[in-house]
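Structure file target-v9.txt; described as compact mmCIF, C-alpha atoms.
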# COMPACT_ATOMS: atom_id res chain seq x y z
CA MET V 1 -22.20 73.36 -30.35
CA ARG V 2 -18.55 72.40 -30.35
CA ARG V 3 -17.41 69.61 -28.10
CA PRO V 4 -14.75 70.70 -25.66
CA SER V 5 -11.35 69.80 -27.01
CA MET V 6 -9.01 67.54 -25.00
CA GLN V 7 -6.77 69.62 -22.83
CA ARG V 8 -3.09 69.76 -23.65
CA GLY V 9 -1.22 66.97 -21.90
CA GLN V 10 -4.34 64.83 -21.30
CA ARG V 11 -3.70 61.25 -22.61
CA ALA V 12 -6.14 59.34 -24.75
CA GLY V 13 -4.65 55.87 -24.11
CA PHE V 14 -1.80 53.81 -22.63
CA THR V 15 1.81 54.23 -23.49
CA ILE V 16 3.80 51.25 -24.80
CA VAL V 17 5.62 50.98 -21.46
CA GLU V 18 2.32 50.83 -19.57
CA LEU V 19 1.02 48.16 -21.93
CA LEU V 20 4.16 46.08 -21.45
CA VAL V 21 3.92 46.42 -17.68
CA SER V 22 0.24 45.44 -17.75
CA MET V 23 0.97 42.43 -19.95
CA SER V 24 3.76 41.36 -17.62
CA LEU V 25 1.45 41.61 -14.60
CA VAL V 26 -1.22 39.58 -16.39
CA SER V 27 1.37 36.92 -17.30
CA VAL V 28 2.61 36.76 -13.71
CA MET V 29 -0.93 36.44 -12.36
CA ALA V 30 -1.74 33.73 -14.92
CA GLY V 31 1.44 31.89 -13.98
CA LEU V 32 0.56 32.06 -10.29
CA ALA V 33 -2.93 30.79 -11.00
CA MET V 34 -1.55 27.86 -13.01
CA MET V 35 0.97 27.10 -10.24
CA ILE V 36 -1.78 27.10 -7.61
CA GLN V 37 -3.97 24.89 -9.79
CA SER V 38 -1.07 22.50 -10.44
CA THR V 39 -0.24 22.34 -6.73
CA GLY V 40 -3.88 21.64 -5.94
CA ASN V 41 -4.06 18.92 -8.60
CA ASN V 42 -0.87 17.29 -7.31
CA ALA V 43 -2.18 17.40 -3.74
CA LEU V 44 -5.45 15.83 -4.89
CA LYS V 45 -3.61 13.11 -6.82
CA SER V 46 -1.35 12.42 -3.84
CA SER V 47 -4.35 12.21 -1.52
CA THR V 48 -6.13 9.90 -3.94
CA GLN V 49 -3.07 7.64 -4.18
CA GLN V 50 -2.76 7.52 -0.40
CA THR V 51 -6.44 6.62 -0.09
CA GLU V 52 -6.10 3.92 -2.74
CA ALA V 53 -3.00 2.48 -1.05
CA GLU V 54 -4.82 2.40 2.28
CA SER V 55 -7.84 0.74 0.67
CA ARG V 56 -5.68 -1.92 -0.99
CA ALA V 57 -3.93 -2.65 2.31
CA ARG V 58 -7.26 -3.06 4.08
CA ARG V 59 -8.77 -5.24 1.33
CA GLY V 60 -5.69 -7.47 1.26
CA LEU V 61 -5.61 -7.93 5.01
CA ASP V 62 -9.36 -8.52 5.15
CA ARG V 63 -8.91 -11.36 2.66
CA VAL V 64 -6.16 -12.89 4.81
CA ALA V 65 -8.35 -12.54 7.90
CA ARG V 66 -11.30 -14.22 6.17
CA GLU V 67 -9.13 -17.19 5.23
CA LEU V 68 -7.90 -17.54 8.78
CA GLN V 69 -11.35 -17.03 10.28
CA ARG V 70 -12.60 -19.99 8.28
CA ALA V 71 -9.67 -21.97 9.62
CA VAL V 72 -10.57 -21.00 13.18
CA VAL V 73 -14.24 -21.94 12.73
CA MET V 74 -13.23 -25.35 11.36
CA ASN V 75 -10.59 -25.72 14.07
CA MET V 76 -7.98 -26.06 11.34
CA PHE V 77 -5.14 -24.95 13.61
CA THR V 78 -4.90 -28.36 15.30
CA ASN V 79 -1.44 -28.90 13.81
CA PHE V 80 -0.45 -25.25 13.81
CA THR V 81 3.24 -24.58 14.44
CA PRO V 82 3.97 -21.56 16.70
CA LEU V 83 5.21 -18.57 14.74
CA ALA V 84 8.57 -16.92 14.86
CA PRO V 85 8.37 -13.42 16.45
CA ASP V 86 7.75 -11.72 13.08
CA SER V 87 7.06 -14.46 10.58
CA PRO V 88 6.35 -13.36 6.97
CA SER V 89 4.22 -16.49 6.43
CA LEU V 90 1.62 -18.64 8.12
CA THR V 91 1.15 -22.33 7.33
CA TYR V 92 -1.53 -24.59 8.76
CA LEU V 93 -3.29 -27.88 8.12
CA SER V 94 -6.75 -27.45 6.70
CA ALA V 95 -9.69 -29.74 7.34
CA ALA V 96 -11.28 -32.03 4.77
CA GLY V 97 -14.49 -32.17 6.77
CA LEU V 98 -16.24 -34.11 9.51
CA VAL V 99 -16.76 -37.87 9.59
CA ASN V 100 -19.01 -39.12 12.41
CA GLY V 101 -18.34 -35.85 14.22
CA VAL V 102 -14.57 -36.23 13.93
CA LEU V 103 -12.48 -33.63 12.07
CA VAL V 104 -10.62 -35.20 9.15
CA PRO V 105 -7.28 -33.54 8.32
CA GLY V 106 -7.01 -32.13 4.84
CA SER V 107 -4.29 -30.32 2.92
CA ILE V 108 -1.73 -27.72 3.91
CA THR V 109 -2.52 -24.03 3.36
CA SER V 110 0.02 -21.22 3.44
CA ILE V 111 -0.23 -17.41 3.34
CA ALA V 112 3.06 -15.64 2.72
CA TRP V 113 4.89 -12.53 1.57
CA GLU V 114 6.74 -13.30 -1.65
CA SER V 115 8.97 -11.23 -3.89
CA ASP V 116 7.14 -10.03 -7.00
CA PRO V 117 8.48 -12.13 -9.92
CA ARG V 118 8.49 -9.02 -12.10
CA ASP V 119 10.74 -7.17 -9.65
CA PRO V 120 13.36 -9.50 -8.14
CA ASP V 121 14.98 -8.59 -4.82
CA ASN V 122 18.04 -6.80 -6.22
CA GLY V 123 17.61 -3.13 -5.27
CA VAL V 124 16.50 -2.19 -8.80
CA ASP V 125 13.10 -1.18 -10.19
CA ASP V 126 13.03 -4.02 -12.72
CA ASP V 127 9.40 -3.58 -13.79
CA GLY V 128 9.63 0.23 -14.10
CA ASP V 129 6.67 1.05 -11.85
CA GLY V 130 8.61 3.39 -9.54
CA LEU V 131 8.76 0.82 -6.73
CA VAL V 132 11.80 -1.23 -5.77
CA ASP V 133 11.74 -4.87 -4.68
CA GLU V 134 8.00 -4.87 -3.92
CA GLY V 135 6.28 -8.13 -3.11
CA VAL V 136 2.90 -9.82 -3.10
CA VAL V 137 0.74 -11.68 -0.61
CA ALA V 138 0.26 -15.20 -1.94
CA LEU V 139 -2.27 -17.78 -0.79
CA TRP V 140 -1.17 -21.38 -1.42
CA LYS V 141 -3.70 -24.20 -1.17
CA ASN V 142 -3.00 -27.94 -1.28
CA VAL V 143 0.68 -27.27 -0.67
CA GLY V 144 2.93 -30.05 -1.95
CA GLU V 145 0.14 -31.84 -3.80
CA GLY V 146 -0.51 -32.29 -7.49
CA ASP V 147 -3.36 -29.79 -7.50
CA GLN V 148 -1.44 -27.10 -5.61
CA VAL V 149 -2.91 -23.65 -6.28
CA ARG V 150 -1.39 -20.19 -5.83
CA VAL V 151 -3.60 -17.09 -5.60
CA VAL V 152 -2.23 -13.54 -5.31
CA ILE V 153 -4.23 -11.68 -2.67
CA CYS V 154 -2.46 -8.31 -2.77
CA THR V 155 0.24 -6.64 -4.88
CA ASP V 156 2.72 -3.78 -4.30
CA VAL V 157 3.45 -4.98 -0.79
CA THR V 158 6.54 -3.35 0.72
CA GLU V 159 9.61 -5.50 1.19
CA PHE V 160 9.84 -4.23 4.76
CA PHE V 161 6.99 -2.93 6.90
CA ALA V 162 6.35 0.83 6.79
CA GLY V 163 9.09 2.77 8.57
CA GLU V 164 11.40 -0.22 8.72
CA LEU V 165 14.88 -0.48 7.16
CA ASN V 166 17.02 -3.53 6.56
CA ASN V 167 19.53 -2.62 9.25
CA GLY V 168 18.96 -4.94 12.20
CA ALA V 169 17.18 -2.23 14.21
CA ASP V 170 13.60 -1.49 15.27
CA ASP V 171 13.19 1.63 13.13
CA ASN V 172 9.42 1.99 13.46
CA GLY V 173 9.30 1.26 17.19
CA ASN V 174 6.87 -1.66 17.12
CA GLY V 175 9.18 -4.07 18.93
CA LEU V 176 10.27 -5.94 15.79
CA MET V 177 13.35 -5.67 13.61
CA ASP V 178 13.40 -5.75 9.81
CA GLU V 179 9.90 -7.25 9.63
CA ALA V 180 8.43 -7.89 6.20
CA GLY V 181 5.62 -5.92 4.53
CA LEU V 182 3.34 -8.77 5.58
CA HIS V 183 4.08 -10.37 8.93
CA PHE V 184 2.33 -12.31 11.65
CA VAL V 185 2.92 -11.95 15.39
CA GLN V 186 1.67 -14.59 17.80
CA ASP V 187 0.86 -13.99 21.45
CA GLY V 188 -0.55 -17.20 22.88
CA ASN V 189 -3.62 -18.00 20.80
CA LEU V 190 -3.85 -14.43 19.43
CA ILE V 191 -2.37 -13.78 15.99
CA THR V 192 -1.83 -10.19 14.86
CA MET V 193 -1.39 -9.56 11.13
CA ARG V 194 0.08 -6.42 9.61
CA LEU V 195 0.27 -5.45 5.96
CA SER V 196 1.98 -2.50 4.28
CA VAL V 197 1.43 -1.55 0.62
CA GLU V 198 2.94 1.26 -1.41
CA ASP V 199 2.30 3.44 -4.45
CA VAL V 200 4.13 6.23 -6.29
CA ALA V 201 2.85 9.79 -5.85
CA SER V 202 2.71 12.28 -8.73
CA ASP V 203 6.00 13.85 -7.60
CA GLY V 204 7.75 10.47 -7.67
CA THR V 205 7.80 9.89 -3.91
CA ARG V 206 6.74 6.51 -2.52
CA VAL V 207 3.50 6.45 -0.54
CA SER V 208 2.91 3.59 1.89
CA ARG V 209 -0.14 2.71 3.95
CA THR V 210 -0.69 -0.04 6.50
CA ALA V 211 -3.47 -2.17 7.95
CA GLU V 212 -3.57 -4.35 11.06
CA THR V 213 -6.00 -6.87 12.49
CA SER V 214 -6.00 -9.82 14.90
CA ILE V 215 -7.76 -13.14 15.21
CA ARG V 216 -7.94 -15.55 18.15
CA MET V 217 -7.43 -19.27 17.67
CA ARG V 218 -9.46 -21.85 19.53
CA ASN V 219 -7.88 -23.34 22.60
Mind turning the file's structure into C-alpha cells?
Amino acid sequence: MRRPSMQRGQRAGFTIVELLVSMSLVSVMAGLAMMIQSTGNNALKSSTQQTEAESRARRGLDRVARELQRAVVMNMFTNFTPLAPDSPSLTYLSAAGLVNGVLVPGSITSIAWESDPRDPDNGVDDDGDGLVDEGVVALWKNVGEGDQVRVVICTDVTEFFAGELNNGADDNGNGLMDEAGLHFVQDGNLITMRLSVEDVASDGTRVSRTAETSIRMRN
C-alpha cells in the first residue's frame, strides 16, 4: 500500500525566517532570565551586606557597653567628667581594686571614634575600599602610662552618624548636629551610645546600619 503523498503546499519544516525569529525569541528569553537572576543575586548580596553591617554595628556597640558595664559595677565613674551634648569619646578613671573595702583609683580608660589611619580625613578613598574617611572605635587602656594599650573594637565606622552631613544642621532629626559615627549622649546618670557602620553594596552604593543602647551610672 502506498503512503499518502504530502499535499502540495504542505511544509515539512521551518523556513529560515522562522528559524531566525525563533532563535531571536530564545535569545531574548535567555537574556531576560539572566537579567532576573542577576537582579536577584544583587538583591541577595545587598541584603547580606546590610545584615553584616547591622551585625557589626551591634557587636561593636555591645563591646563598648560591656566595657562600661564593668565600669559601672566597679563604680569606676567616680571621677567621670560630664559629656558634651554629642561627644565622640568617653574617658573615665578605672579602679585598681578594693583595699579594706575602699575603692583604689587605677588608670584612665578611653573609648573614642578615631579616623582610620589607612584612610585619613581628606575626602578621598585612600585605602580603595569604596568608603571615604571611615573611622574606627578604639579602646585605650592605661592612658598616658608606659603600658598604654590601644584595641580596635569596630572598623568601617562612619565619619558622621547615619543620615547626618557636615553642615551644621540636624539632618537626621535626632536633636544633634554633625554627630560622629560613634557618639555618647548624657542625660543625668543615663548615657546613650550610638554607633553607625557602613559597607559597599554590589552596585557601589554605601550601606550604613546603626545600633543604640544605654547604660545607667551609679548615683
**All residues 9 Å or closer to Glu198 (chain V), all atoms listed in the file, same chain fewer than 3 positions away omitted, as a PyMOL selection string** = chain V and resi 50+53-54+57+131+134+156-158+162+206-210
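Take CA of Asp203 (chain V) and CA of Asn167 (chain V): the distance between them is 27.2 Å.
Using all atoms listed in the file, the shortest contact distance between Cys154 (chain V) and any of V:Gly135, V:Gly60, V:Gly106, V:Pro117 is found at V:Gly60.
With all atoms listed in the file as the basis for measurement, V:Thr155 is the residue among V:Ser202, V:Thr91, V:Thr155, V:Ser22 that approaches Val136 (chain V) most closely.
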**Request:** Would you list the contacts of Trp140 (chain V) as a PyMOL selection string, taking every protein, DNA or RNA residue within 9 Å and counting all atoms listed in the file, but skipping same-chain residues closer than 2 positions in sequence?
**Result:** chain V and resi 108-112+138+142-143+148-152
Keeping only C-alpha atoms, write those residues as a PDB file, keeping the file's coordinate frame.
ATOM      1  CA  ILE V 108      -1.730 -27.720   3.910  1.00  0.00           C
ATOM      2  CA  THR V 109      -2.520 -24.030   3.360  1.00  0.00           C
ATOM      3  CA  SER V 110       0.020 -21.220   3.440  1.00  0.00           C
ATOM      4  CA  ILE V 111      -0.230 -17.410   3.340  1.00  0.00           C
ATOM      5  CA  ALA V 112       3.060 -15.640   2.720  1.00  0.00           C
ATOM      6  CA  ALA V 138       0.260 -15.200  -1.940  1.00  0.00           C
ATOM      7  CA  ASN V 142      -3.000 -27.940  -1.280  1.00  0.00           C
ATOM      8  CA  VAL V 143       0.680 -27.270  -0.670  1.00  0.00           C
ATOM      9  CA  GLN V 148      -1.440 -27.100  -5.610  1.00  0.00           C
ATOM     10  CA  VAL V 149      -2.910 -23.650  -6.280  1.00  0.00           C
ATOM     11  CA  ARG V 150      -1.390 -20.190  -5.830  1.00  0.00           C
ATOM     12  CA  VAL V 151      -3.600 -17.090  -5.600  1.00  0.00           C
ATOM     13  CA  VAL V 152      -2.230 -13.540  -5.310  1.00  0.00           C
TER      14      VAL V 152
END
**Prompt:** Hey, which of V:Thr15, V:Met29, V:Asp129, V:Leu90 ends up closest to Gly204 (chain V)? Count all atoms listed in the file.
**Reply:**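 When distances to Gly204 (chain V) are compared using all atoms listed in the file, the smallest one comes from V:Asp129.
Remark: for His183 (chain V), the closest of the candidate residues V:Val21, V:Val200, V:Val137, V:Leu32 is V:Val137 (distances computed over all atoms listed in the file).
For the atom pair formed by CA of Asp171 (chain V) and CA of Glu52 (chain V), the distance is 25.1 Å, given to one decimal.
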**Message:** One decimal, in Å: what's the spacing between CA of Leu190 (chain V) and CA of Gly101 (chain V)?
**Reply:**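 The value is 26.4 Å.
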**Prompt:** Quick one: of V:Met217, V:Ala211, V:Ala201, V:Ala65, who's nearest to Gln186 (chain V), counting all atoms listed in the file?
**Reply:**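 Checking each of V:Met217, V:Ala211, V:Ala201, V:Ala65 against Gln186 (chain V), counting all atoms listed in the file, the winner is V:Met217.
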